[in-house]
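Containing PDB, C-alpha atoms, pLDDT in the B column: model-v5.pdb.
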```
ATOM      1  CA  MET T 171      -5.326 -12.135  -4.174  1.00 63.00           C
ATOM      2  CA  HIS T 172      -6.846  -9.211  -2.258  1.00 81.00           C
ATOM      3  CA  LEU T 173      -4.382  -6.482  -1.247  1.00 81.00           C
ATOM      4  CA  ASN T 174      -5.194  -6.778   2.464  1.00 83.00           C
ATOM      5  CA  ILE T 175      -4.242 -10.466   2.408  1.00 89.00           C
ATOM      6  CA  LEU T 176      -0.973  -9.654   0.625  1.00 91.00           C
ATOM      7  CA  LEU T 177      -0.148  -6.892   3.109  1.00 90.00           C
ATOM      8  CA  ASP T 178      -0.872  -9.267   5.995  1.00 93.00           C
ATOM      9  CA  LYS T 179       1.583 -11.781   4.502  1.00 96.00           C
ATOM     10  CA  ILE T 180       4.204  -9.059   4.044  1.00 96.00           C
ATOM     11  CA  LYS T 181       3.703  -7.816   7.587  1.00 96.00           C
ATOM     12  CA  GLU T 182       3.999 -11.331   9.001  1.00 97.00           C
ATOM     13  CA  LYS T 183       7.250 -11.874   7.121  1.00 97.00           C
ATOM     14  CA  ALA T 184       8.550  -8.447   8.200  1.00 96.00           C
ATOM     15  CA  VAL T 185       7.810  -9.214  11.851  1.00 96.00           C
ATOM     16  CA  ASN T 186       9.719 -12.497  11.625  1.00 96.00           C
ATOM     17  CA  ASP T 187      12.551 -11.365   9.336  1.00 97.00           C
ATOM     18  CA  GLU T 188      14.292  -8.129  10.359  1.00 96.00           C
ATOM     19  CA  THR T 189      16.421  -8.073   7.191  1.00 96.00           C
ATOM     20  CA  PHE T 190      13.320  -8.222   4.993  1.00 97.00           C
ATOM     21  CA  ARG T 191      11.632  -5.488   7.055  1.00 97.00           C
ATOM     22  CA  LYS T 192      14.649  -3.191   6.654  1.00 96.00           C
ATOM     23  CA  ARG T 193      14.803  -3.861   2.899  1.00 96.00           C
ATOM     24  CA  ILE T 194      11.159  -2.973   2.288  1.00 95.00           C
ATOM     25  CA  ILE T 195      11.395   0.146   4.450  1.00 95.00           C
ATOM     26  CA  ALA T 196      14.510   1.180   2.513  1.00 95.00           C
ATOM     27  CA  ALA T 197      12.617   0.555  -0.732  1.00 94.00           C
ATOM     28  CA  TYR T 198       9.998   3.086   0.400  1.00 90.00           C
ATOM     29  CA  GLU T 199      12.730   5.710   0.571  1.00 90.00           C
ATOM     30  CA  GLY T 200      14.087   4.803  -2.894  1.00 89.00           C
ATOM     31  CA  LYS T 201      13.630   6.519  -6.240  1.00 92.00           C
ATOM     32  CA  ASN T 202      10.587   4.402  -7.224  1.00 93.00           C
ATOM     33  CA  PRO T 203       9.183   3.303  -3.845  1.00 92.00           C
ATOM     34  CA  ILE T 204       6.275   1.152  -4.981  1.00 91.00           C
ATOM     35  CA  VAL T 205       8.249  -0.588  -7.726  1.00 94.00           C
ATOM     36  CA  GLU T 206      11.189  -1.265  -5.405  1.00 95.00           C
ATOM     37  CA  PHE T 207       8.874  -2.424  -2.605  1.00 95.00           C
ATOM     38  CA  CYS T 208       7.114  -4.863  -4.924  1.00 95.00           C
ATOM     39  CA  ALA T 209      10.450  -6.162  -6.240  1.00 96.00           C
ATOM     40  CA  GLU T 210      11.648  -6.907  -2.688  1.00 96.00           C
ATOM     41  CA  CYS T 211       8.384  -8.665  -1.861  1.00 96.00           C
ATOM     42  CA  ASN T 212       8.517 -10.709  -5.056  1.00 96.00           C
ATOM     43  CA  LYS T 213      12.094 -11.784  -4.220  1.00 96.00           C
ATOM     44  CA  ALA T 214      10.726 -12.998  -0.886  1.00 96.00           C
ATOM     45  CA  GLY T 215       8.027 -15.043  -2.620  1.00 96.00           C
ATOM     46  CA  ILE T 216       5.081 -12.673  -2.117  1.00 95.00           C
ATOM     47  CA  ASP T 217       3.596 -11.754  -5.481  1.00 95.00           C
ATOM     48  CA  ILE T 218       2.505  -8.131  -5.319  1.00 93.00           C
ATOM     49  CA  TYR T 219       2.651  -5.603  -8.138  1.00 91.00           C
ATOM     50  CA  PRO T 220       2.491  -1.793  -8.375  1.00 90.00           C
ATOM     51  CA  MET T 221      -0.985  -1.917  -9.922  1.00 87.00           C
ATOM     52  CA  ASP T 222      -2.278  -3.829  -6.875  1.00 85.00           C
ATOM     53  CA  ILE T 223      -1.318  -0.873  -4.686  1.00 83.00           C
ATOM     54  CA  ALA T 224      -2.438   1.803  -7.143  1.00 77.00           C
ATOM     55  CA  ASP T 225      -5.791   0.115  -7.672  1.00 73.00           C
ATOM     56  CA  ALA T 226      -6.416  -0.112  -3.921  1.00 63.00           C
ATOM     57  CA  ASP T 227      -5.784   3.621  -3.431  1.00 52.00           C
ATOM     58  CA  GLU T 228      -8.006   4.480  -6.412  1.00 54.00           C
ATOM     59  CA  SER T 229     -10.810   2.230  -5.156  1.00 55.00           C
ATOM     60  CA  VAL T 230     -10.784   3.787  -1.695  1.00 53.00           C
ATOM     61  CA  TYR T 231     -10.792   7.313  -3.132  1.00 54.00           C
ATOM     62  CA  ALA T 232     -13.630   6.483  -5.546  1.00 55.00           C
ATOM     63  CA  ALA T 233     -15.679   4.991  -2.713  1.00 56.00           C
ATOM     64  CA  MET T 234     -15.173   8.145  -0.664  1.00 55.00           C
ATOM     65  CA  ARG T 235     -16.305  10.337  -3.564  1.00 58.00           C
ATOM     66  CA  ARG T 236     -19.417   8.210  -4.076  1.00 57.00           C
ATOM     67  CA  SER T 237     -20.282   8.437  -0.392  1.00 58.00           C
ATOM     68  CA  THR T 238     -20.200  12.257  -0.128  1.00 55.00           C
ATOM     69  CA  ASN T 239     -23.292  14.310  -0.928  1.00 56.00           C
ATOM     70  CA  GLY T 240     -24.785  11.623  -3.107  1.00 56.00           C
ATOM     71  CA  GLY T 241     -21.528  11.017  -4.936  1.00 55.00           C
ATOM     72  CA  GLY T 242     -20.907  11.353  -8.616  1.00 55.00           C
ATOM     73  CA  GLU T 243     -19.505  14.419 -10.309  1.00 54.00           C
ATOM     74  CA  ASN T 244     -21.335  16.748  -7.937  1.00 50.00           C
ATOM     75  CA  SER T 245     -19.475  15.558  -4.877  1.00 49.00           C
ATOM     76  CA  PRO T 246     -17.079  18.061  -3.289  1.00 51.00           C
ATOM     77  CA  HIS T 247     -13.383  17.800  -3.917  1.00 50.00           C
ATOM     78  CA  LEU T 248     -11.738  15.699  -1.235  1.00 49.00           C
ATOM     79  CA  SER T 249      -8.548  17.224   0.087  1.00 48.00           C
ATOM     80  CA  TRP T 250      -6.913  13.885   0.878  1.00 45.00           C
ATOM     81  CA  GLU T 251      -6.632  10.385  -0.448  1.00 47.00           C
ATOM     82  CA  ASP T 252      -6.132   7.265   1.541  1.00 50.00           C
ATOM     83  CA  ASN T 253      -2.507   6.243   1.174  1.00 72.00           C
ATOM     84  CA  ILE T 254      -2.557   2.540   1.936  1.00 75.00           C
ATOM     85  CA  PHE T 255       1.086   2.054   0.990  1.00 82.00           C
ATOM     86  CA  GLY T 256       2.434   4.921   3.086  1.00 84.00           C
ATOM     87  CA  GLU T 257       0.355   3.920   6.096  1.00 85.00           C
ATOM     88  CA  PHE T 258       1.547   0.329   5.787  1.00 87.00           C
ATOM     89  CA  ILE T 259       5.221   1.352   5.691  1.00 91.00           C
ATOM     90  CA  GLU T 260       4.748   3.618   8.721  1.00 91.00           C
ATOM     91  CA  GLU T 261       3.235   0.678  10.586  1.00 91.00           C
ATOM     92  CA  LEU T 262       6.265  -1.474   9.698  1.00 92.00           C
ATOM     93  CA  LYS T 263       8.633   1.224  10.931  1.00 93.00           C
ATOM     94  CA  ASN T 264       6.979   1.018  14.346  1.00 91.00           C
ATOM     95  CA  ILE T 265       7.284  -2.741  14.757  1.00 86.00           C
TER      96      ILE T 265
END
```

As structure tokens:
Amino acid sequence: MHLNILLDKIKEKAVNDETFRKRIIAAYEGKNPIVEFCAECNKAGIDIYPMDIADADESVYAAMRRSTNGGGENSPHLSWEDNIFGEFIEELKNI
């Protein structure tokens, strides 16, 4: 399943279940945030894994590199990466 669909399911559950929302926000502040986040989601019946999140960040970064100055190895170093996971957690904190 595409990561955006999974995140939409997680967000919907977080909006309707305050306990779940607090648990996944707390997981973000844990020792292994992505692993703990995924474990909480899996307990809630939403199958998401650390590689789903890592792959999404890598794909976005690779697309950005390809889109700058013709892409490839000659593209300039980008000083930031899209952090889908961090942005998602920040959005949940503001619900």

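CA of Gly215 in chain T lies 21.1 Å from CA of Glu261 in chain T.
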
Which residue out of T:Phe255, T:Lys263, T:Asp225, T:Lys181 has the minimum interatomic distance to Pro203 in chain T when only C-alpha atoms are used?
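Using only C-alpha atoms, Pro203 in chain T sits closest to T:Phe255.
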
Point-to-point distance from CA of Met221 in chain T to CA of His172 in chain T, Å rounded to tenths
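About the pair CA of Met221 in chain T and CA of His172 in chain T: they are 12.1 Å apart.
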
Using all atoms listed in the file, give me every residue within 10 Å of (7.1, -2.5, -0.8) in file coordinates, as a PyMOL selection string.
chain T and resi 177+180+191+193-198+203-212+218-220+223+255-256+258-259

Distance of CA of Asp178 in chain T from CA of Lys192 in chain T, expressed in Å to one decimal place
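Interatomic distance here is 16.7 Å.
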
Best match for closeness to Lys183 in chain T among T:Ile216, T:Lys201, T:Asp222, T:Glu257, counting all atoms listed in the file
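Using all atoms listed in the file, the shortest distance to Lys183 in chain T belongs to T:Ile216.
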
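Nearest residue to Ala224 in chain T among T:Leu262, T:Ala184, T:Thr189, T:Leu173 is T:Leu173, counting only C-alpha atoms.
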